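Raw contents of coords17.cif, mmCIF, C-alpha atoms:
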data_model
#
loop_
_atom_site.label_atom_id
_atom_site.label_comp_id
_atom_site.auth_asym_id
_atom_site.auth_seq_id
_atom_site.Cartn_x
_atom_site.Cartn_y
_atom_site.Cartn_z
CA MET M 153 -55.56 58.70 -19.57
CA SER M 154 -53.90 57.93 -16.25
CA ILE M 155 -55.63 57.95 -12.90
CA LEU M 156 -53.45 60.85 -11.68
CA ASN M 157 -54.54 63.01 -14.56
CA SER M 158 -58.20 62.28 -13.86
CA LEU M 159 -58.05 63.56 -10.24
CA PRO M 160 -59.45 67.07 -9.71
CA ASP M 161 -56.97 69.80 -9.06
CA GLU M 162 -56.64 70.71 -5.34
CA PRO M 163 -57.17 74.36 -4.57
CA GLU M 164 -54.04 76.16 -3.68
CA ASP M 165 -53.72 77.79 -0.28
CA ASP M 166 -54.51 81.46 -0.50
CA PRO M 167 -52.32 83.35 1.92
CA SER M 168 -54.38 86.50 1.48
CA PRO M 169 -56.19 87.95 4.56
CA GLU M 170 -59.56 87.50 2.87
CA SER M 171 -59.15 83.71 3.04
CA GLN M 172 -59.15 83.66 6.85
CA THR M 173 -62.26 82.15 8.35
CA PRO M 174 -64.37 83.76 11.12
CA ALA M 175 -63.01 81.13 13.49
CA ASN M 176 -59.49 82.40 12.85
CA HIS M 177 -60.64 85.94 13.59
CA CYS M 178 -62.11 84.78 16.91
CA LEU M 179 -58.89 83.01 17.82
CA ASP M 180 -56.89 86.12 17.00
CA LYS M 181 -59.13 88.23 19.24
CA GLN M 182 -58.80 85.73 22.08
CA GLU M 183 -55.03 85.74 21.73
CA LEU M 184 -55.05 89.52 21.91
CA THR M 185 -57.20 89.62 25.04
CA ARG M 186 -55.52 86.78 26.95
CA PRO M 187 -52.42 88.72 28.00
CA HIS M 188 -54.67 91.49 29.37
CA LEU M 189 -56.69 89.00 31.42
CA LYS M 190 -53.55 87.31 32.69
CA ALA M 191 -52.17 90.68 33.77
CA ASP M 192 -55.40 91.63 35.59
CA THR M 193 -55.74 88.41 37.56
CA PRO M 194 -52.69 88.85 39.86
CA LEU M 195 -53.57 92.52 40.40
CA ARG M 196 -57.12 91.57 41.38
CA MET M 197 -55.85 88.97 43.84
CA VAL M 198 -53.25 91.30 45.38
CA GLU M 199 -55.65 94.23 45.82
CA THR M 200 -58.40 92.00 47.21
CA ALA M 201 -56.03 90.40 49.73
CA PHE M 202 -54.50 93.76 50.70
CA LEU M 203 -57.82 95.53 51.25
CA ALA M 204 -59.26 92.51 53.09
CA SER M 205 -56.27 92.50 55.46
CA THR M 206 -56.67 96.29 55.86
CA ALA M 207 -60.27 95.88 56.97
CA SER M 208 -59.25 93.13 59.41
CA LEU M 209 -56.40 95.24 60.78
CA ILE M 210 -58.67 98.24 61.37
CA TRP M 211 -61.10 96.02 63.32
CA PHE M 212 -58.24 94.36 65.22
CA ILE M 213 -56.66 97.67 66.29
CA ASN M 214 -59.98 99.22 67.25
CA PHE M 215 -60.90 96.18 69.35
CA TYR M 216 -57.75 96.22 71.50
CA PHE M 217 -56.86 99.93 71.25
CA PRO M 218 -60.17 101.76 70.75
CA LEU M 219 -59.73 105.27 69.37
CA GLY M 220 -63.36 106.29 69.59
CA PRO M 221 -65.44 106.50 66.41
CA VAL M 222 -62.46 107.32 64.15
CA LEU M 223 -61.53 103.79 63.07
CA ARG M 224 -65.11 102.54 63.27
CA ILE M 225 -66.01 104.75 60.32
CA PHE M 226 -63.67 102.76 58.07
CA PHE M 227 -64.87 99.23 58.95
CA PRO M 228 -66.83 98.66 55.69
CA VAL M 229 -64.82 101.05 53.48
CA PRO M 230 -62.01 98.71 52.23
CA ILE M 231 -64.47 96.02 51.12
CA ALA M 232 -66.62 98.62 49.36
CA LEU M 233 -63.48 99.84 47.57
CA VAL M 234 -62.82 96.28 46.34
CA TYR M 235 -66.30 96.26 44.79
CA LEU M 236 -65.71 99.61 43.07
CA ARG M 237 -62.31 98.65 41.70
CA TRP M 238 -63.24 95.13 40.60
CA ASP M 239 -66.63 93.49 40.98
CA LYS M 240 -69.08 91.67 43.20
CA ARG M 241 -67.13 88.42 43.36
CA ALA M 242 -63.96 90.18 44.53
CA ALA M 243 -65.92 92.03 47.24
CA TRP M 244 -67.42 88.80 48.59
CA MET M 245 -63.98 87.22 48.56
CA ALA M 246 -62.61 90.20 50.51
CA ALA M 247 -65.36 89.89 53.13
CA LEU M 248 -64.75 86.14 53.45
CA THR M 249 -60.98 86.61 53.65
CA SER M 250 -61.38 89.25 56.37
CA GLY M 251 -63.57 86.91 58.38
CA LEU M 252 -61.11 84.03 58.05
CA LEU M 253 -58.16 86.22 59.03
CA LEU M 254 -59.98 87.53 62.10
CA THR M 255 -60.93 83.96 62.99
CA VAL M 256 -57.24 83.09 63.14
CA LEU M 257 -56.30 86.24 65.07
CA MET M 258 -59.27 86.66 67.44
CA GLY M 259 -61.46 83.58 67.26
CA PRO M 260 -64.66 82.78 65.37
CA ALA M 261 -67.04 84.70 67.64
CA ARG M 262 -65.26 88.03 67.24
CA SER M 263 -64.81 87.48 63.54
CA LEU M 264 -68.56 87.01 63.19
CA LEU M 265 -69.09 90.37 64.89
CA PHE M 266 -67.11 91.94 62.04
CA VAL M 267 -68.63 90.00 59.16
CA MET M 268 -72.13 90.79 60.42
CA PRO M 269 -72.72 93.61 59.75
CA TYR M 270 -69.56 95.34 58.51
CA GLY M 271 -68.40 92.72 56.01
CA PHE M 272 -71.86 92.50 54.46
CA MET M 273 -72.21 96.29 54.71
CA GLY M 274 -69.07 96.78 52.63
CA VAL M 275 -70.52 94.59 49.87
CA LEU M 276 -73.87 96.38 50.10
CA LEU M 277 -72.35 99.85 49.91
CA GLY M 278 -70.12 98.80 47.02
CA ALA M 279 -73.16 97.50 45.13
CA THR M 280 -75.09 100.75 45.68
CA TRP M 281 -72.10 102.94 44.79
CA TYR M 282 -71.11 100.92 41.73
CA ARG M 283 -71.36 103.04 38.56
CA ARG M 284 -72.68 105.90 40.74
CA ARG M 285 -76.35 105.14 40.26
CA VAL M 286 -78.00 104.96 43.70
CA PRO M 287 -78.72 108.19 45.64
CA TRP M 288 -77.39 108.59 49.15
CA MET M 289 -80.78 108.31 50.82
CA ILE M 290 -81.34 104.82 49.42
CA SER M 291 -77.86 103.51 50.25
CA ILE M 292 -77.97 105.03 53.75
CA THR M 293 -81.41 103.53 54.38
CA LEU M 294 -80.33 100.06 53.24
CA GLY M 295 -77.16 100.30 55.30
CA THR M 296 -79.17 101.43 58.33
CA LEU M 297 -81.44 98.39 58.09
CA LEU M 298 -78.43 96.08 57.80
CA GLY M 299 -76.67 97.82 60.70
CA THR M 300 -79.78 97.50 62.87
CA LEU M 301 -79.95 93.77 62.13
CA GLY M 302 -76.26 93.61 62.99
CA VAL M 303 -76.91 95.15 66.42
CA PHE M 304 -79.58 92.57 67.23
CA PHE M 305 -77.31 89.80 65.92
CA ARG M 306 -74.53 91.04 68.19
CA LEU M 307 -76.87 91.16 71.20
CA TRP M 308 -78.08 87.63 70.46
CA LEU M 309 -74.58 86.19 69.96
CA LEU M 310 -73.11 87.85 73.05
CA SER M 311 -76.14 86.80 75.10
CA VAL M 312 -75.63 83.20 74.04
CA LEU M 313 -71.90 83.31 74.84
CA SER M 314 -72.28 85.08 78.18
CA GLY M 315 -75.43 83.30 79.32
CA GLU M 316 -77.17 86.62 80.11
CA ASP M 317 -79.88 88.55 78.31
CA LEU M 318 -78.11 91.72 77.17
CA TRP M 319 -81.34 93.16 75.80
CA VAL M 320 -82.37 93.75 79.42
CA TYR M 321 -79.26 95.88 79.87
CA VAL M 322 -80.21 97.95 76.81
CA ILE M 323 -83.75 98.38 78.09
CA THR M 324 -82.40 99.54 81.45
CA GLN M 325 -80.25 102.20 79.82
CA VAL M 326 -83.10 103.40 77.62
CA THR M 327 -85.46 103.47 80.62
CA GLU M 328 -83.12 105.78 82.51
CA PHE M 329 -82.83 108.03 79.46
CA ILE M 330 -86.62 108.24 78.92
CA GLU M 331 -87.23 108.88 82.63
CA TRP M 332 -84.71 111.73 82.48
CA ILE M 333 -86.63 113.21 79.52
CA PHE M 334 -89.93 112.86 81.42
CA LEU M 335 -88.35 114.59 84.40
CA LYS M 336 -87.11 117.50 82.30
CA LEU M 337 -90.56 117.85 80.73
CA SER M 338 -92.17 117.75 84.19
CA LEU M 339 -94.26 114.72 83.28
CA LEU M 340 -95.46 112.73 86.27
CA ALA M 341 -96.37 109.63 84.27
CA SER M 342 -93.90 106.75 84.05
CA PRO M 343 -93.02 105.32 80.61
CA SER M 344 -94.62 102.03 79.69
CA VAL M 345 -92.66 98.93 78.71
CA PHE M 346 -93.89 99.19 75.12
CA LEU M 347 -92.74 102.81 74.89
CA ILE M 348 -89.34 101.88 76.27
CA GLN M 349 -88.87 99.09 73.74
CA ILE M 350 -89.94 101.36 70.86
CA GLY M 351 -87.53 103.98 72.15
CA ALA M 352 -84.68 101.44 72.27
CA ILE M 353 -85.29 100.35 68.67
CA ALA M 354 -85.59 103.99 67.54
CA LEU M 355 -82.28 104.89 69.18
CA ILE M 356 -80.55 101.92 67.50
CA ILE M 357 -81.93 102.95 64.10
CA LEU M 358 -80.96 106.60 64.63
CA ASN M 359 -77.45 105.62 65.69
CA ASN M 360 -76.98 103.48 62.58
CA PHE M 361 -78.41 106.20 60.34
CA ILE M 362 -75.90 108.75 61.65
CA TYR M 363 -73.10 106.20 61.33
CA LEU M 364 -73.95 105.42 57.68
CA PHE M 365 -74.12 109.13 56.89
CA VAL M 366 -70.63 109.68 58.29
CA VAL M 367 -69.35 106.60 56.39
CA HIS M 368 -70.73 108.10 53.17
CA LEU M 369 -68.99 111.40 53.88
CA ALA M 370 -65.65 109.68 54.53
CA ALA M 371 -65.96 107.49 51.43
CA TRP M 372 -67.01 110.46 49.28
CA LEU M 373 -63.94 112.51 50.25
CA LEU M 374 -61.54 109.53 50.14
CA PHE M 375 -62.64 107.70 47.00
CA ASP M 376 -62.63 110.85 44.86
CA ARG M 377 -58.91 111.15 45.50
CA LEU M 378 -58.37 107.46 44.74
CA GLY M 379 -60.10 107.72 41.37
CA ASN M 380 -63.14 105.64 42.37
CA PRO M 381 -65.89 108.22 42.94
CA ILE M 382 -69.22 107.39 44.53
CA PRO M 383 -72.58 109.08 43.86
CA ARG M 384 -72.69 112.78 44.63
CA PRO M 385 -74.28 113.78 47.97
CA PRO M 386 -77.29 116.07 48.20
CA HIS M 387 -76.62 119.68 47.31
CA TRP M 388 -76.93 120.92 50.88
CA VAL M 389 -74.14 118.53 51.93
CA GLN M 390 -71.83 119.89 49.22
CA VAL M 391 -72.62 123.44 50.30
CA LEU M 392 -72.06 122.55 53.96
CA MET M 393 -68.73 120.87 53.19
CA ASP M 394 -67.79 123.64 50.72
CA TYR M 395 -66.77 120.92 48.28
CA GLU M 396 -66.78 121.12 44.49
CA GLY M 397 -66.63 117.89 42.48
#

Rewrite the structure of this file - the entire thing - as structure tokens.
Amino acid sequence: MSILNSLPDEPEDDPSPESQTPANHCLDKQELTRPHLKADTPLRMVETAFLASTASLIWFINFYFPLGPVLRIFFPVPIALVYLRWDKRAAWMAALTSGLLLTVLMGPARSLLFVMPYGFMGVLLGATWYRRRVPWMISITLGTLLGTLGVFFRLWLLSVLSGEDLWVYVITQVTEFIEWIFLKLSLLASPSVFLIQIGAIALIILNNFIYLFVVHLAAWLLFDRLGNPIPRPPHWVQVLMDYEG
């Protein structure tokens, strides 16, 4: 008997689908999903860059040509929309890109005034609106706290740059307001320093609370039409706005 005849027969290749290994199935699935991922990546980059530049442009126009509170409402909205359309990473990239663009256009100090709090606020609102899980009261409260910290950050930064304590200016304005209230109430007592400081902080918190409520209203009406809805407002808001959705 020859050596060739003593060798075991090699199994023939079975071209049937049952002979494919699990590894081949995984490779086939990856090949099917790769074109989809490659198509999404440029779209993600383009939308993130576009919405980041939109947020920067709104801040830029409002800084040099202030139109009252109209444009201010939309400061955090584009970055929040990036979060809703894509994810957390894209929203942070949009906030960073907006800050870098404003640094080139207006300088680092003014860009910081946008990033803190409005850049961070856009990411925060996007996280609370994502998948429509968080009620309005929670997202408004969190945004109010961030906005209040942003006001104190702005006072600190501008005080450092100008060499003056701007908190004294705020206290002076609040003092005049509280004295006017005491006068209307026919109170002869003068407000204490502690009461004035508490009143100043309360006014800052109230202002931010109203601002966040208006931002939620604008985003609610706008994002529904863009196909990226946010959580529904309380029922009394829907009745007041005569809105069904």

Extract, using only C-alpha atoms, all DNA, RNA and protein residues at most 9 Å from M:Arg196, discarding same-chain residues fewer than 2 positions from it, and format them as a list in words.
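Residues near the query, excluding close chain neighbours: Asp192, Thr193, Pro194, Val198, Glu199, Thr200, Ala201, Val234, Arg237, Trp238 and Ala242 of chain M.
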
Selected residue of minimal separation from M:His387 among M:Lys336, M:Phe266, M:Ile362, M:Pro287, counting all atoms listed in the file =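 Looking at the shortest contact to M:His387, the residue is M:Pro287.
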
In Å to one decimal, how far is atom CA of M:Gly295 from atom CA of M:Leu364?
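The value is 6.5 Å.
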
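Neighbours of M:Gly302 closer than or equal to 6 Å, with all atoms listed in the file counted and sequence neighbours fewer than 2 positions away skipped, come out as Met268, Pro269, Gly299, Thr300, Phe304 and Phe305 of chain M.
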
Same residues, C-alpha atoms, saved as a CSV table (one decimal), in the coordinates of the input:
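Output file selection.csv is given in full below:
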chain,number,residue,atom,x,y,z
M,268,MET,CA,-72.1,90.8,60.4
M,269,PRO,CA,-72.7,93.6,59.8
M,299,GLY,CA,-76.7,97.8,60.7
M,300,THR,CA,-79.8,97.5,62.9
M,304,PHE,CA,-79.6,92.6,67.2
M,305,PHE,CA,-77.3,89.8,65.9

One decimal place gives the atom CA of M:Leu277-atom CA of M:Ser291 separation as 6.6 Å

Min atom-atom distance to M:Trp372 from the set M:Val322, M:Val229, M:Ile290, M:Ile350, counting only C-alpha atoms, belongs to M:Val229

key: Distance query M:Glu331 at most 10 Å, only C-alpha atoms, self and fewer than 2 positions along chain excluded, as a PyMOL selection string   = chain M and resi 326-329+333-337+339-343+348

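Closest to M:Ile213 among M:Met289, M:Leu233, M:Met245, M:Leu257 is M:Leu257, based on only C-alpha atoms.
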
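Compared by their closest atoms to M:Leu297, and using all atoms listed in the file, the residues M:Met273, M:Leu347, M:Pro218, M:Ser205 rank with M:Met273 nearest.
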
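Counting from atom CA of M:His368, the distance to atom CA of M:Leu195 is 26.5 Å.
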
Long-range neighbours of M:Ile382 as an MDAnalysis selection string, 8 Å cut-off, only C-alpha atoms, 4 positions minimum in chain: chainID M and resid 281:284 371:372 375:376

Which residues, written as a short mmCIF file (atom, residue, chain, number, x, y, z; two decimals) with C-alpha atoms, in the frame of the given file, have at least one atom at most 12 Å from M:Thr249, with all atoms listed in the file counted and residues fewer than 2 positions away on the same chain left out?
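File written: part-v1.cif
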data_model
loop_
_atom_site.label_atom_id
_atom_site.label_comp_id
_atom_site.auth_asym_id
_atom_site.auth_seq_id
_atom_site.Cartn_x
_atom_site.Cartn_y
_atom_site.Cartn_z
CA MET M 197 -55.85 88.97 43.84
CA THR M 200 -58.40 92.00 47.21
CA ALA M 201 -56.03 90.40 49.73
CA PHE M 202 -54.50 93.76 50.70
CA LEU M 203 -57.82 95.53 51.25
CA ALA M 204 -59.26 92.51 53.09
CA SER M 205 -56.27 92.50 55.46
CA THR M 206 -56.67 96.29 55.86
CA ALA M 207 -60.27 95.88 56.97
CA SER M 208 -59.25 93.13 59.41
CA ILE M 231 -64.47 96.02 51.12
CA ALA M 242 -63.96 90.18 44.53
CA ALA M 243 -65.92 92.03 47.24
CA TRP M 244 -67.42 88.80 48.59
CA MET M 245 -63.98 87.22 48.56
CA ALA M 246 -62.61 90.20 50.51
CA ALA M 247 -65.36 89.89 53.13
CA GLY M 251 -63.57 86.91 58.38
CA LEU M 252 -61.11 84.03 58.05
CA LEU M 253 -58.16 86.22 59.03
CA LEU M 254 -59.98 87.53 62.10
CA THR M 255 -60.93 83.96 62.99
CA VAL M 256 -57.24 83.09 63.14
CA SER M 263 -64.81 87.48 63.54
CA PHE M 266 -67.11 91.94 62.04
CA VAL M 267 -68.63 90.00 59.16
CA GLY M 271 -68.40 92.72 56.01
#
